>>> print(open('structure-v2.json').read())   # JSON, C-alpha atoms
[["chain", "number", "residue", "atom", "x", "y", "z"],
["A", 1, "MET", "CA", 0.00, 0.00, 0.00],
["A", 2, "GLY", "CA", 2.98, 2.32, 0.26],
["A", 3, "VAL", "CA", 2.18, 3.60, 3.75],
["A", 4, "ALA", "CA", 5.04, 4.26, 6.13],
["A", 5, "SER", "CA", 5.06, 5.59, 9.67],
["A", 6, "ASN", "CA", 7.43, 8.48, 10.30],
["A", 7, "TRP", "CA", 6.59, 8.89, 13.99],
["A", 8, "THR", "CA", 9.31, 8.90, 16.60],
["A", 9, "LEU", "CA", 8.71, 7.98, 20.22],
["A", 10, "GLN", "CA", 9.11, 11.64, 21.24],
["A", 11, "GLN", "CA", 6.50, 12.79, 18.70],
["A", 12, "TYR", "CA", 4.08, 10.07, 19.80],
["A", 13, "ILE", "CA", 4.42, 10.91, 23.51],
["A", 14, "SER", "CA", 4.03, 14.62, 22.74],
["A", 15, "PHE", "CA", 0.89, 13.97, 20.66],
["A", 16, "VAL", "CA", -0.70, 11.72, 23.29],
["A", 17, "THR", "CA", 0.09, 14.21, 26.07],
["A", 18, "ILE", "CA", -1.44, 17.12, 24.18],
["A", 19, "MET", "CA", -4.54, 15.08, 23.30],
["A", 20, "MET", "CA", -5.01, 14.03, 26.93],
["A", 21, "LEU", "CA", -4.71, 17.66, 28.03],
["A", 22, "VAL", "CA", -7.17, 18.96, 25.42],
["A", 23, "PHE", "CA", -9.78, 16.27, 26.05],
["A", 24, "GLY", "CA", -9.35, 16.64, 29.80],
["A", 25, "ILE", "CA", -10.06, 20.36, 29.60],
["A", 26, "ALA", "CA", -13.00, 19.79, 27.24],
["A", 27, "PHE", "CA", -14.66, 17.27, 29.53],
["A", 28, "GLN", "CA", -14.05, 19.33, 32.70],
["A", 29, "THR", "CA", -15.52, 22.55, 31.28],
["A", 30, "PRO", "CA", -19.19, 21.68, 32.05],
["A", 31, "ILE", "CA", -18.23, 20.81, 35.63],
["A", 32, "ALA", "CA", -16.38, 24.12, 35.99],
["A", 33, "VAL", "CA", -19.38, 26.08, 34.64],
["A", 34, "PHE", "CA", -21.70, 24.20, 37.01],
["A", 35, "ILE", "CA", -19.49, 25.09, 39.97],
["A", 36, "LEU", "CA", -19.28, 28.75, 38.89],
["A", 37, "VAL", "CA", -23.07, 28.96, 38.67],
["A", 38, "ARG", "CA", -23.65, 27.18, 41.99],
["A", 39, "THR", "CA", -21.20, 29.46, 43.82],
["A", 40, "GLY", "CA", -22.82, 32.55, 42.32],
["A", 41, "LEU", "CA", -19.76, 33.80, 40.44],
["A", 42, "VAL", "CA", -21.64, 33.56, 37.12],
["A", 43, "SER", "CA", -25.38, 33.74, 36.55],
["A", 44, "ILE", "CA", -27.46, 31.83, 34.02],
["A", 45, "VAL", "CA", -28.51, 35.14, 32.45],
["A", 46, "THR", "CA", -24.87, 36.09, 31.89],
["A", 47, "LEU", "CA", -24.19, 32.71, 30.28],
["A", 48, "ARG", "CA", -27.16, 33.21, 27.95],
["A", 49, "ASN", "CA", -26.00, 36.71, 26.98],
["A", 50, "VAL", "CA", -22.43, 35.69, 26.12],
["A", 51, "ARG", "CA", -23.35, 32.45, 24.32],
["A", 52, "LYS", "CA", -22.93, 33.97, 20.84],
["A", 53, "TYR", "CA", -19.46, 35.29, 21.71],
["A", 54, "VAL", "CA", -18.41, 31.93, 23.11],
["A", 55, "LEU", "CA", -19.55, 30.19, 19.91],
["A", 56, "LEU", "CA", -17.67, 32.76, 17.80],
["A", 57, "GLY", "CA", -14.55, 32.24, 19.91],
["A", 58, "MET", "CA", -14.83, 28.46, 19.58],
["A", 59, "ALA", "CA", -15.13, 28.78, 15.80],
["A", 60, "PHE", "CA", -12.06, 31.03, 15.71],
["A", 61, "VAL", "CA", -9.98, 28.68, 17.88],
["A", 62, "SER", "CA", -11.07, 25.73, 15.73],
["A", 63, "ALA", "CA", -10.07, 27.54, 12.55],
["A", 64, "VAL", "CA", -6.65, 28.45, 13.96],
["A", 65, "ALA", "CA", -6.01, 24.98, 15.40],
["A", 66, "THR", "CA", -6.95, 23.12, 12.21],
["A", 67, "PRO", "CA", -3.99, 22.31, 9.98],
["A", 68, "SER", "CA", -4.17, 24.04, 6.61],
["A", 69, "GLY", "CA", -2.48, 21.33, 4.53],
["A", 70, "ASP", "CA", -3.91, 20.11, 1.26],
["A", 71, "ILE", "CA", -5.27, 16.60, 1.75],
["A", 72, "SER", "CA", -5.59, 15.90, -1.98],
["A", 73, "ARG", "CA", -1.84, 15.29, -2.41]]
>>> encode(input="structure-v2.json", output="structure tokens")
Amino acid sequence: MGVASNWTLQQYISFVTIMMLVFGIAFQTPIAVFILVRTGLVSIVTLRNVRKYVLLGMAFVSAVATPSGDISR
């Protein structure tokens, strides 16, 4: 098939570490928001009002984080 792996152990460990960190943060975010609301630091109304800005920020971060290589090579 002509497929070869060019990964080194250092690259693999770095990739796995970053993925664990990103997914850990993503899955802990709802818990953090729940705690902020329960302690009164953030209100539900505030979360509703800033929802569109959060979605815009997520779209921007996704666009920056996505590699821009051409997959049709």
>>> atom_distance(input="structure-v2.json", atom1="CA of Phe34 (chain A)", atom2="CA of Val22 (chain A)")
19.3 Å
>>> atom_distance(input="structure-v2.json", atom1="CA of Ala59 (chain A)", atom2="CA of Ala26 (chain A)")
14.7 Å
>>> axis_aligned_box(input="structure-v2.json", around="region 12-23 of chain A", padding_each_side="4 Å", output="AutoDock Vina command-line options")
--center_x -2.7 --center_y 14.5 --center_z 23.9 --size_x 22.2 --size_y 16.9 --size_z 16.2
>>> atom_distance(input="structure-v2.json", atom1="CA of Arg48 (chain A)", atom2="CA of Pro30 (chain A)")
14.6 Å
